[in-house]
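Heads up, entry.cif below (mmCIF, C-alpha atoms):
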data_run
loop_
_atom_site.group_PDB
_atom_site.id
_atom_site.type_symbol
_atom_site.label_atom_id
_atom_site.label_comp_id
_atom_site.auth_asym_id
_atom_site.auth_seq_id
_atom_site.Cartn_x
_atom_site.Cartn_y
_atom_site.Cartn_z
ATOM 1 C CA MET A 1 0.856 21.702 -6.282
ATOM 2 C CA THR A 2 -2.299 22.886 -8.028
ATOM 3 C CA ALA A 3 -5.430 22.884 -5.904
ATOM 4 C CA LEU A 4 -8.441 21.018 -7.242
ATOM 5 C CA LYS A 5 -12.000 22.218 -7.533
ATOM 6 C CA ILE A 6 -14.002 19.286 -6.200
ATOM 7 C CA GLY A 7 -17.453 18.113 -5.278
ATOM 8 C CA PHE A 8 -18.209 16.006 -2.235
ATOM 9 C CA ALA A 9 -20.819 13.236 -2.241
ATOM 10 C CA GLY A 10 -21.881 11.772 1.102
ATOM 11 C CA THR A 11 -24.856 11.407 3.395
ATOM 12 C CA PRO A 12 -24.450 9.996 6.956
ATOM 13 C CA GLU A 13 -22.371 11.099 9.948
ATOM 14 C CA VAL A 14 -19.444 8.852 9.021
ATOM 15 C CA ALA A 15 -18.811 11.152 6.023
ATOM 16 C CA LEU A 16 -18.514 14.314 8.125
ATOM 17 C CA PRO A 17 -14.792 14.085 9.022
ATOM 18 C CA ALA A 18 -13.894 13.806 5.343
ATOM 19 C CA LEU A 19 -16.029 16.775 4.327
ATOM 20 C CA ALA A 20 -14.592 18.866 7.152
ATOM 21 C CA ALA A 21 -11.001 17.890 6.271
ATOM 22 C CA LEU A 22 -11.463 18.697 2.568
ATOM 23 C CA ALA A 23 -13.105 22.029 3.408
ATOM 24 C CA GLU A 24 -10.042 22.928 5.497
ATOM 25 C CA SER A 25 -7.562 21.785 2.834
ATOM 26 C CA GLU A 26 -6.083 23.761 -0.052
ATOM 27 C CA HIS A 27 -8.721 22.273 -2.352
ATOM 28 C CA GLU A 28 -11.986 24.044 -3.065
ATOM 29 C CA VAL A 29 -15.152 22.118 -2.189
ATOM 30 C CA ALA A 30 -17.482 23.824 -4.642
ATOM 31 C CA VAL A 31 -20.612 21.710 -4.121
ATOM 32 C CA VAL A 32 -21.937 18.927 -1.904
ATOM 33 C CA ILE A 33 -24.111 16.106 -3.244
ATOM 34 C CA THR A 34 -26.247 14.192 -0.775
ATOM 35 C CA ARG A 35 -29.401 12.123 -0.523
ATOM 36 C CA PRO A 36 -32.784 13.913 -0.359
ATOM 37 C CA ASP A 37 -34.244 14.918 2.996
ATOM 38 C CA ALA A 38 -35.770 11.942 4.799
ATOM 39 C CA PRO A 39 -38.272 11.447 7.658
ATOM 40 C CA ALA A 40 -36.581 11.320 11.075
ATOM 41 C CA GLY A 41 -37.540 11.256 14.736
ATOM 42 C CA ARG A 42 -40.865 10.450 16.329
ATOM 43 C CA GLY A 43 -42.683 13.034 14.267
ATOM 44 C CA LYS A 44 -41.141 11.714 11.026
ATOM 45 C CA LYS A 45 -40.313 15.269 10.030
ATOM 46 C CA LEU A 46 -38.348 15.649 6.797
ATOM 47 C CA THR A 47 -34.751 16.260 7.868
ATOM 48 C CA ALA A 48 -31.626 17.106 5.903
ATOM 49 C CA SER A 49 -28.807 14.564 5.999
ATOM 50 C CA PRO A 50 -25.866 15.143 8.379
ATOM 51 C CA VAL A 51 -23.685 15.984 5.357
ATOM 52 C CA ALA A 52 -26.244 18.531 4.078
ATOM 53 C CA GLN A 53 -26.363 20.153 7.514
ATOM 54 C CA LEU A 54 -22.574 20.492 7.709
ATOM 55 C CA ALA A 55 -22.456 21.857 4.156
ATOM 56 C CA ALA A 56 -24.977 24.529 5.138
ATOM 57 C CA GLU A 57 -22.787 25.493 8.119
ATOM 58 C CA LEU A 58 -19.766 25.720 5.814
ATOM 59 C CA GLY A 59 -21.675 27.771 3.236
ATOM 60 C CA ILE A 60 -21.268 25.178 0.472
ATOM 61 C CA PRO A 61 -24.064 24.758 -2.118
ATOM 62 C CA VAL A 62 -25.936 21.441 -1.856
ATOM 63 C CA LEU A 63 -27.521 19.244 -4.539
ATOM 64 C CA LYS A 64 -30.037 16.585 -3.452
ATOM 65 C CA PRO A 65 -30.953 14.588 -6.562
ATOM 66 C CA SER A 66 -33.528 11.828 -6.313
ATOM 67 C CA HIS A 67 -31.077 9.837 -8.399
ATOM 68 C CA PRO A 68 -27.709 10.875 -9.881
ATOM 69 C CA ARG A 69 -28.906 9.859 -13.362
ATOM 70 C CA ASP A 70 -31.421 12.748 -13.350
ATOM 71 C CA PRO A 71 -30.649 15.135 -16.270
ATOM 72 C CA GLU A 72 -31.274 18.213 -14.102
ATOM 73 C CA PHE A 73 -28.691 17.024 -11.571
ATOM 74 C CA LYS A 74 -26.073 16.263 -14.198
ATOM 75 C CA ALA A 75 -26.548 19.653 -15.820
ATOM 76 C CA ALA A 76 -26.198 21.378 -12.444
ATOM 77 C CA LEU A 77 -23.049 19.396 -11.637
ATOM 78 C CA VAL A 78 -21.400 20.221 -14.966
ATOM 79 C CA ALA A 79 -22.033 23.909 -14.325
ATOM 80 C CA PHE A 80 -19.643 23.834 -11.358
ATOM 81 C CA GLY A 81 -16.685 22.899 -13.576
ATOM 82 C CA LEU A 82 -15.300 20.307 -11.162
ATOM 83 C CA ASP A 83 -11.983 18.469 -11.450
ATOM 84 C CA ALA A 84 -13.143 15.504 -9.330
ATOM 85 C CA VAL A 85 -15.783 14.353 -6.845
ATOM 86 C CA ALA A 86 -14.820 12.845 -3.480
ATOM 87 C CA VAL A 87 -17.262 10.200 -2.233
ATOM 88 C CA VAL A 88 -17.867 8.865 1.288
ATOM 89 C CA ALA A 89 -20.976 6.773 1.969
ATOM 90 C CA TYR A 90 -23.148 8.619 -0.527
ATOM 91 C CA GLY A 91 -25.771 5.879 -0.643
ATOM 92 C CA ALA A 92 -26.804 5.750 -4.303
ATOM 93 C CA LEU A 93 -25.445 3.885 -7.319
ATOM 94 C CA LEU A 94 -23.631 6.147 -9.758
ATOM 95 C CA PRO A 95 -24.370 5.572 -13.460
ATOM 96 C CA GLN A 96 -21.568 5.808 -15.991
ATOM 97 C CA SER A 97 -23.149 8.983 -17.361
ATOM 98 C CA ALA A 98 -22.503 10.673 -14.006
ATOM 99 C CA LEU A 99 -19.035 9.150 -13.550
ATOM 100 C CA ASP A 100 -17.963 10.667 -16.873
ATOM 101 C CA LEU A 101 -18.883 14.238 -15.913
ATOM 102 C CA VAL A 102 -15.572 15.171 -14.229
ATOM 103 C CA PRO A 103 -12.070 14.698 -15.693
ATOM 104 C CA HIS A 104 -10.505 12.921 -12.693
ATOM 105 C CA GLY A 105 -13.627 10.915 -11.880
ATOM 106 C CA TRP A 106 -15.369 10.156 -8.609
ATOM 107 C CA VAL A 107 -12.912 9.081 -5.910
ATOM 108 C CA ASN A 108 -14.335 6.887 -3.170
ATOM 109 C CA LEU A 109 -13.111 6.434 0.407
ATOM 110 C CA HIS A 110 -13.899 2.823 1.338
ATOM 111 C CA PHE A 111 -13.348 1.436 4.834
ATOM 112 C CA SER A 112 -11.349 -1.717 4.086
ATOM 113 C CA LEU A 113 -8.107 -2.788 2.450
ATOM 114 C CA LEU A 114 -9.451 -3.587 -0.999
ATOM 115 C CA PRO A 115 -9.991 -6.058 -2.558
ATOM 116 C CA ARG A 116 -10.831 -7.511 0.859
ATOM 117 C CA TRP A 117 -14.383 -6.606 1.842
ATOM 118 C CA ARG A 118 -15.853 -4.962 -1.205
ATOM 119 C CA GLY A 119 -19.454 -4.070 -0.454
ATOM 120 C CA ALA A 120 -21.821 -2.527 2.041
ATOM 121 C CA ALA A 121 -20.488 -3.645 5.449
ATOM 122 C CA PRO A 122 -16.669 -3.870 5.335
ATOM 123 C CA VAL A 123 -16.042 -2.831 8.942
ATOM 124 C CA GLN A 124 -18.656 -5.185 10.368
ATOM 125 C CA ARG A 125 -17.437 -8.138 8.321
ATOM 126 C CA ALA A 126 -13.797 -7.518 9.248
ATOM 127 C CA ILE A 127 -14.665 -7.756 12.944
ATOM 128 C CA TRP A 128 -17.010 -10.729 12.484
ATOM 129 C CA GLU A 129 -14.357 -12.726 10.613
ATOM 130 C CA GLY A 130 -11.647 -11.911 13.137
ATOM 131 C CA ASP A 131 -9.397 -9.781 10.921
ATOM 132 C CA GLN A 132 -6.417 -8.491 12.889
ATOM 133 C CA VAL A 133 -5.810 -5.582 10.505
ATOM 134 C CA THR A 134 -8.140 -3.516 8.334
ATOM 135 C CA GLY A 135 -7.943 0.017 6.991
ATOM 136 C CA ALA A 136 -9.209 2.361 4.300
ATOM 137 C CA THR A 137 -8.722 2.677 0.553
ATOM 138 C CA THR A 138 -9.231 5.491 -1.930
ATOM 139 C CA PHE A 139 -10.070 4.435 -5.463
ATOM 140 C CA ARG A 140 -11.625 5.745 -8.660
ATOM 141 C CA ILE A 141 -15.207 4.516 -8.953
ATOM 142 C CA VAL A 142 -16.082 2.238 -11.854
ATOM 143 C CA ARG A 143 -19.332 0.425 -12.597
ATOM 144 C CA ALA A 144 -18.227 -2.824 -10.912
ATOM 145 C CA LEU A 145 -18.695 -2.807 -7.117
ATOM 146 C CA ASP A 146 -15.652 -1.299 -5.336
ATOM 147 C CA ALA A 147 -13.408 -2.625 -8.118
ATOM 148 C CA GLY A 148 -11.829 0.604 -9.362
ATOM 149 C CA PRO A 149 -8.104 1.402 -9.502
ATOM 150 C CA VAL A 150 -6.523 2.359 -6.169
ATOM 151 C CA PHE A 151 -4.885 5.666 -5.247
ATOM 152 C CA GLY A 152 -3.891 4.937 -1.643
ATOM 153 C CA THR A 153 -4.439 2.898 1.513
ATOM 154 C CA ILE A 154 -3.912 3.113 5.258
ATOM 155 C CA GLU A 155 -3.788 0.191 7.698
ATOM 156 C CA THR A 156 -5.434 0.081 11.124
ATOM 157 C CA PRO A 157 -5.258 -2.727 13.711
ATOM 158 C CA VAL A 158 -8.563 -4.145 14.926
ATOM 159 C CA ARG A 159 -8.299 -3.880 18.693
ATOM 160 C CA SER A 160 -9.598 -6.428 21.170
ATOM 161 C CA GLY A 161 -13.126 -5.559 22.301
ATOM 162 C CA GLN A 162 -13.615 -2.942 19.571
ATOM 163 C CA THR A 163 -17.135 -2.626 18.161
ATOM 164 C CA ALA A 164 -17.978 -1.882 14.550
ATOM 165 C CA GLY A 165 -19.144 1.584 15.563
ATOM 166 C CA GLU A 166 -15.879 2.362 17.339
ATOM 167 C CA LEU A 167 -13.741 1.081 14.487
ATOM 168 C CA LEU A 168 -15.782 2.971 11.898
ATOM 169 C CA ASP A 169 -15.373 6.207 13.882
ATOM 170 C CA GLU A 170 -11.605 5.660 13.945
ATOM 171 C CA LEU A 171 -11.440 4.920 10.225
ATOM 172 C CA SER A 172 -13.596 7.927 9.359
ATOM 173 C CA GLN A 173 -10.945 10.174 10.935
ATOM 174 C CA SER A 174 -7.835 8.556 9.482
ATOM 175 C CA GLY A 175 -9.617 8.003 6.166
ATOM 176 C CA ALA A 176 -10.448 11.699 5.947
ATOM 177 C CA GLN A 177 -6.739 12.539 5.862
ATOM 178 C CA LEU A 178 -6.126 9.811 3.284
ATOM 179 C CA LEU A 179 -8.792 11.367 1.075
ATOM 180 C CA VAL A 180 -7.190 14.819 1.329
ATOM 181 C CA GLU A 181 -3.781 13.306 0.491
ATOM 182 C CA THR A 182 -5.325 11.509 -2.479
ATOM 183 C CA MET A 183 -6.789 14.731 -3.859
ATOM 184 C CA SER A 184 -3.380 16.389 -3.519
ATOM 185 C CA ALA A 185 -1.736 13.460 -5.293
ATOM 186 C CA ILE A 186 -4.255 13.714 -8.144
ATOM 187 C CA ALA A 187 -3.490 17.420 -8.423
ATOM 188 C CA ASP A 188 0.198 16.485 -8.775
ATOM 189 C CA GLY A 189 -0.593 14.074 -11.595
ATOM 190 C CA ALA A 190 -0.825 10.752 -9.763
ATOM 191 C CA GLU A 191 -2.630 7.888 -11.483
ATOM 192 C CA PRO A 192 -4.263 4.973 -9.655
ATOM 193 C CA THR A 193 -3.075 1.352 -9.778
ATOM 194 C CA GLU A 194 -5.402 -1.330 -11.099
ATOM 195 C CA GLN A 195 -6.974 -3.374 -8.338
ATOM 196 C CA SER A 196 -6.352 -7.106 -8.196
ATOM 197 C CA ASP A 197 -9.083 -9.660 -7.513
ATOM 198 C CA GLU A 198 -6.657 -11.791 -5.498
ATOM 199 C CA GLY A 199 -7.933 -12.081 -1.934
ATOM 200 C CA LEU A 200 -11.333 -10.688 -2.927
ATOM 201 C CA THR A 201 -14.109 -10.989 -0.339
ATOM 202 C CA VAL A 202 -17.569 -9.433 -0.382
ATOM 203 C CA ALA A 203 -19.023 -7.620 2.642
ATOM 204 C CA ALA A 204 -22.750 -8.234 2.361
ATOM 205 C CA LYS A 205 -25.088 -5.903 4.216
ATOM 206 C CA ILE A 206 -25.743 -6.823 7.868
ATOM 207 C CA THR A 207 -29.424 -7.588 8.485
ATOM 208 C CA VAL A 208 -31.480 -7.807 11.669
ATOM 209 C CA ASP A 209 -31.518 -11.583 11.251
ATOM 210 C CA ASP A 210 -27.706 -11.551 11.099
ATOM 211 C CA ALA A 211 -27.710 -9.821 14.487
ATOM 212 C CA HIS A 212 -29.566 -12.741 16.145
ATOM 213 C CA VAL A 213 -26.835 -14.062 18.439
ATOM 214 C CA ASP A 214 -25.866 -17.726 18.176
ATOM 215 C CA PHE A 215 -24.608 -19.034 21.540
ATOM 216 C CA GLY A 216 -24.001 -22.503 20.111
ATOM 217 C CA VAL A 217 -20.516 -21.567 18.904
ATOM 218 C CA PRO A 218 -17.223 -20.791 20.703
ATOM 219 C CA THR A 219 -17.034 -17.725 22.924
ATOM 220 C CA ASP A 220 -14.682 -15.877 20.577
ATOM 221 C CA ALA A 221 -17.142 -16.235 17.694
ATOM 222 C CA VAL A 222 -20.059 -14.999 19.828
ATOM 223 C CA ASP A 223 -17.993 -12.020 20.963
ATOM 224 C CA ARG A 224 -17.067 -11.125 17.368
ATOM 225 C CA GLN A 225 -20.686 -11.367 16.207
ATOM 226 C CA ILE A 226 -21.919 -9.072 18.985
ATOM 227 C CA ARG A 227 -19.198 -6.496 18.342
ATOM 228 C CA ALA A 228 -19.747 -6.640 14.577
ATOM 229 C CA VAL A 229 -23.441 -5.707 14.824
ATOM 230 C CA THR A 230 -22.942 -3.004 17.478
ATOM 231 C CA PRO A 231 -24.395 -0.391 17.425
ATOM 232 C CA ALA A 232 -26.474 -1.243 14.333
ATOM 233 C CA PRO A 233 -28.597 -3.211 13.839
ATOM 234 C CA GLY A 234 -27.772 -4.313 17.398
ATOM 235 C CA ALA A 235 -27.271 -7.801 18.851
ATOM 236 C CA TRP A 236 -30.350 -9.609 20.135
ATOM 237 C CA ALA A 237 -31.636 -12.971 21.300
ATOM 238 C CA GLN A 238 -34.868 -14.485 22.562
ATOM 239 C CA PHE A 239 -35.132 -14.500 26.366
ATOM 240 C CA THR A 240 -37.148 -17.456 27.593
ATOM 241 C CA SER A 241 -38.355 -17.765 31.204
ATOM 242 C CA ASN A 242 -41.259 -19.833 32.547
ATOM 243 C CA GLY A 243 -42.437 -20.520 29.007
ATOM 244 C CA VAL A 244 -42.573 -16.819 28.066
ATOM 245 C CA GLU A 245 -40.318 -15.632 25.211
ATOM 246 C CA GLU A 246 -39.313 -12.003 24.583
ATOM 247 C CA ARG A 247 -36.733 -10.264 22.443
ATOM 248 C CA PHE A 248 -33.696 -9.230 24.450
ATOM 249 C CA LYS A 249 -31.031 -6.818 23.169
ATOM 250 C CA ILE A 250 -27.356 -7.151 24.077
ATOM 251 C CA VAL A 251 -25.737 -3.718 24.073
ATOM 252 C CA SER A 252 -22.268 -4.838 25.185
ATOM 253 C CA ALA A 253 -20.639 -8.058 26.362
ATOM 254 C CA THR A 254 -17.189 -9.361 27.166
ATOM 255 C CA PRO A 255 -15.706 -12.877 27.333
ATOM 256 C CA VAL A 256 -15.054 -14.124 30.883
ATOM 257 C CA HIS A 257 -13.787 -17.237 32.619
ATOM 258 C CA LEU A 258 -16.579 -19.222 34.249
ATOM 259 C CA ASP A 259 -15.868 -20.965 37.553
ATOM 260 C CA GLU A 260 -18.813 -23.249 36.848
ATOM 261 C CA PRO A 261 -19.823 -24.153 33.260
ATOM 262 C CA LEU A 262 -23.046 -22.986 31.614
ATOM 263 C CA GLY A 263 -24.783 -24.499 28.607
ATOM 264 C CA PRO A 264 -25.118 -22.456 25.408
ATOM 265 C CA GLY A 265 -27.513 -19.580 26.118
ATOM 266 C CA GLU A 266 -27.947 -20.543 29.784
ATOM 267 C CA LEU A 267 -28.006 -17.540 32.135
ATOM 268 C CA ARG A 268 -26.570 -17.089 35.610
ATOM 269 C CA ALA A 269 -26.638 -13.997 37.826
ATOM 270 C CA THR A 270 -24.020 -13.222 40.468
ATOM 271 C CA LYS A 271 -23.959 -10.250 42.802
ATOM 272 C CA ARG A 272 -22.025 -8.222 40.244
ATOM 273 C CA ALA A 273 -22.580 -9.784 36.842
ATOM 274 C CA LEU A 274 -24.990 -11.413 34.402
ATOM 275 C CA LEU A 275 -23.378 -14.371 32.642
ATOM 276 C CA VAL A 276 -24.353 -16.431 29.605
ATOM 277 C CA GLY A 277 -22.869 -19.698 28.379
ATOM 278 C CA THR A 278 -21.410 -20.725 25.025
ATOM 279 C CA VAL A 279 -20.141 -24.099 23.801
ATOM 280 C CA ASP A 280 -16.724 -23.570 25.374
ATOM 281 C CA GLY A 281 -17.139 -20.840 28.002
ATOM 282 C CA GLY A 282 -19.161 -17.719 28.485
ATOM 283 C CA LEU A 283 -19.576 -13.966 28.416
ATOM 284 C CA GLU A 284 -20.636 -11.278 30.823
ATOM 285 C CA LEU A 285 -23.594 -9.327 29.473
ATOM 286 C CA VAL A 286 -22.397 -5.892 30.545
ATOM 287 C CA ARG A 287 -25.299 -3.803 29.220
ATOM 288 C CA VAL A 288 -28.660 -5.056 28.004
ATOM 289 C CA GLN A 289 -32.051 -3.782 26.907
ATOM 290 C CA PRO A 290 -34.969 -6.029 27.864
ATOM 291 C CA HIS A 291 -38.169 -5.865 25.818
ATOM 292 C CA GLY A 292 -40.017 -2.574 26.406
ATOM 293 C CA LYS A 293 -37.361 -1.127 28.742
ATOM 294 C CA LYS A 294 -34.376 1.191 28.589
ATOM 295 C CA GLN A 295 -30.764 0.101 28.446
ATOM 296 C CA MET A 296 -29.296 -0.930 31.788
ATOM 297 C CA ALA A 297 -26.432 -2.843 33.345
ATOM 298 C CA GLY A 298 -26.922 -6.575 32.973
ATOM 299 C CA ALA A 299 -26.428 -7.115 36.715
ATOM 300 C CA ASP A 300 -29.106 -4.518 37.523
ATOM 301 C CA TRP A 301 -31.617 -6.189 35.209
ATOM 302 C CA ALA A 302 -30.888 -9.626 36.700
ATOM 303 C CA ARG A 303 -31.803 -8.434 40.205
ATOM 304 C CA GLY A 304 -35.385 -7.819 39.101
ATOM 305 C CA VAL A 305 -36.127 -11.061 37.242
ATOM 306 C CA GLN A 306 -35.972 -14.803 37.739
ATOM 307 C CA VAL A 307 -32.750 -15.735 35.994
ATOM 308 C CA ALA A 308 -32.461 -19.319 37.307
ATOM 309 C CA GLY A 309 -33.721 -21.639 34.590
ATOM 310 C CA ALA A 310 -33.906 -18.846 32.017
ATOM 311 C CA ARG A 311 -31.920 -18.812 28.790
ATOM 312 C CA LEU A 312 -31.170 -16.891 25.630
ATOM 313 C CA SER A 313 -31.627 -18.461 22.226
#

Can you present the structure in this file as structure tokens?
Amino acid sequence: MTALKIGFAGTPEVALPALAALAESEHEVAVVITRPDAPAGRGKKLTASPVAQLAAELGIPVLKPSHPRDPEFKAALVAFGLDAVAVVAYGALLPQSALDLVPHGWVNLHFSLLPRWRGAAPVQRAIWEGDQVTGATTFRIVRALDAGPVFGTIETPVRSGQTAGELLDELSQSGAQLLVETMSAIADGAEPTEQSDEGLTVAAKITVDDAHVDFGVPTDAVDRQIRAVTPAPGAWAQFTSNGVEERFKIVSATPVHLDEPLGPGELRATKRALLVGTVDGGLELVRVQPHGKKQMAGADWARGVQVAGARLS
């Protein structure tokens, strides 16, 4: 097998396993492309992306274009003489003029079994919709959203109680190996297979409004919604007590059997648990974050407030 000379385009932490795996492979990661430094922390200090920081540790040159259509960026990229560019959560749209710069194209690692869940939030949507199986796909990027021809896939079961953050961490590890295998296959002459539109679904971005928990649906649906928006943007509801309403974050919850029924959003505290009702049962609110306070166990929070007559909506 002939080793490839590749670039790597990525920005957040979820891209780190793939960059590390490619750097340890037989392929040469000649340059890293990432988003420009951005304000972070309380002081809003300009901070390099997680991918840029790892690249610096690995001694790999880094390009941080404002946009990949910039002529200066494209000239710099061409100078590296790359065979392909591996992409994981880069965070910017790639124009055709950039896609055409390398002979084997830009190869994306996407965290779903395409064509199911093309788009920004495939892991979150898979959990929200109750998918039993998901996975990762490598494909050559084309102008249409996540529609390029496929090199390879891996399947992963969605486990009971798994949050989007936990599933994404798992897929970032297994997907990293898939990406390395894909680069090796390309080096051996493999060509991708055209992607079908059969079974196509679109994974729209999850918003803060999406994370507003609806207790007026079955328990299983409430559980899936909470897990799908955890850790970001984070599940929340309005806590109402004695006519006062405050935002209330739900960090983790689990379905439970209720000895006595509760109405949707109605709260009950026991010695060991904080419970909330749905249309057909309820959940234990395991960890919560009341307005203006730190995260804590739901039962601990309930000991300090008047839960009787209070509700979440």

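CA of Ala75 in chain A is found 23.6 Å from CA of Ala23 in chain A.
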
Requested in this report: For the structure provided, state which residues fall under the PyMOL selection byres ((chain A and resi 182) around 10), and present them as JSON, numbers by chain.
Outcome: {"A": [86, 107, 109, 137, 138, 139, 150, 151, 152, 153, 176, 177, 178, 179, 180, 181, 183, 184, 185, 186, 187, 188, 190, 192]}

Can you report as JSON the centre and edge lengths in Å, to one decimal, of an axis-aligned box around the listed atoms of range 76-89 of chain A padded with 3 Å on each side?
{"center_x": -19.1, "center_y": 15.3, "center_z": -6.5, "size_x": 20.2, "size_y": 23.1, "size_z": 22.9}

Report task. Find the distance between CA of Ala92 in chain A and CA of Glu198 in chain A and write it in Å to one decimal. Result -> 26.7 Å

**Report entry** Shell of 9 Å around range 221-231 of chain A, all atoms listed in the file, local chain residues under 5 positions omitted, as a PyMOL selection string
**Finding:** chain A and resi 123-130+161-166+206-208+210-216+236+250-255+278+283

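Candidate residues A:Asp220, A:Ser97, A:Gln295, A:Gly309 were compared for distance to Gly243 in chain A, and the nearest is A:Gly309, using all atoms listed in the file.
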
Report summary line: Pairwise distance, CA of Pro12 in chain A with CA of Gly234 in chain A, equals 18.0 Å

Requested in this report: For the point (-19.4, 10.5, -12.4) in the file's frame, write as a count of residues only all residues with an atom no more than 10 Å away, counting only C-alpha atoms.
Outcome: 23

Requested in this report: Show which residues sit within 7 Å of range 267-273 of chain A, as a ChimeraX atom specification. Count only C-alpha atoms, and ignore same-chain residues fewer than 2 positions away.
Outcome: /A:265,275-277,284,298-299,302,307-308,310-311

Query - Shortest interatomic distance to Leu312 in chain A - which of A:Pro264, A:Gly148, A:Pro115, A:Pro290, counting all atoms listed in the file - result: A:Pro264

Do you know which residues are at most 12 Å from Ala40 in chain A counting only C-alpha atoms, after dropping those on the same chain fewer than 6 positions away, and could you put them as an mmCIF file with C-alpha atoms, keeping the file's coordinate frame?
data_model
loop_
_atom_site.group_PDB
_atom_site.id
_atom_site.type_symbol
_atom_site.label_atom_id
_atom_site.label_comp_id
_atom_site.auth_asym_id
_atom_site.auth_seq_id
_atom_site.Cartn_x
_atom_site.Cartn_y
_atom_site.Cartn_z
ATOM 1 C CA LEU A 46 -38.348 15.649 6.797
ATOM 2 C CA THR A 47 -34.751 16.260 7.868
ATOM 3 C CA ALA A 48 -31.626 17.106 5.903
ATOM 4 C CA SER A 49 -28.807 14.564 5.999
ATOM 5 C CA PRO A 50 -25.866 15.143 8.379
#

Report task. Can you give me, as a list of chain:residue names, the residues this file yields under the PyMOL selection byres ((chain A and resi 28) around 8)? Result -> A:Ala3, A:Leu4, A:Lys5, A:Ile6, A:Leu22, A:Ala23, A:Ser25, A:Glu26, A:His27, A:Val29, A:Ala30

Query raised in the report: What lies within 8 Å of range 155-159 of chain A using all atoms listed in the file, ignoring chain neighbours under 6 positions off, as a PyMOL selection string?
Result: chain A and resi 113+127+131-136+167+171

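When only C-alpha atoms are used to compute distances to Asp197 in chain A, the closest of the residues A:Ala121, A:Ala79, A:Ala144, A:Val32 turns out to be A:Ala144.
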
Fewer than 2 positions away in the same chain doesn't count, so skip those; otherwise give me all residues within 9 Å of Tyr90 in chain A, counting only C-alpha atoms, as a short mmCIF file (atom, residue, chain, number, x, y, z; two decimals) with C-alpha atoms, in the frame of the given file.
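Saved as around_23.cif:
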data_model
loop_
_atom_site.label_atom_id
_atom_site.label_comp_id
_atom_site.auth_asym_id
_atom_site.auth_seq_id
_atom_site.Cartn_x
_atom_site.Cartn_y
_atom_site.Cartn_z
CA ALA A 9 -20.82 13.24 -2.24
CA GLY A 10 -21.88 11.77 1.10
CA THR A 11 -24.86 11.41 3.40
CA PRO A 12 -24.45 10.00 6.96
CA ALA A 15 -18.81 11.15 6.02
CA ILE A 33 -24.11 16.11 -3.24
CA THR A 34 -26.25 14.19 -0.78
CA ARG A 35 -29.40 12.12 -0.52
CA VAL A 87 -17.26 10.20 -2.23
CA VAL A 88 -17.87 8.86 1.29
CA ALA A 92 -26.80 5.75 -4.30
CA LEU A 93 -25.44 3.88 -7.32
#

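With distances restricted to only C-alpha atoms, A:Thr201 is the closest residue to Pro122 in chain A from A:Thr201, A:Ser66, A:Ser174, A:Gln306.
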
Report task. Neighbourhood query: residues within 6 Å of (-19.0, -21.9, 22.5), file coordinates, counting all atoms listed in the file; return as a ChimeraX atom specification. Result -> /A:216-219,278-281

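Of the listed residues A:Glu72, A:Asn242, A:Lys205, A:Ala52, the one whose atoms come nearest to Ala120 in chain A is A:Lys205, with distances taken using all atoms listed in the file.
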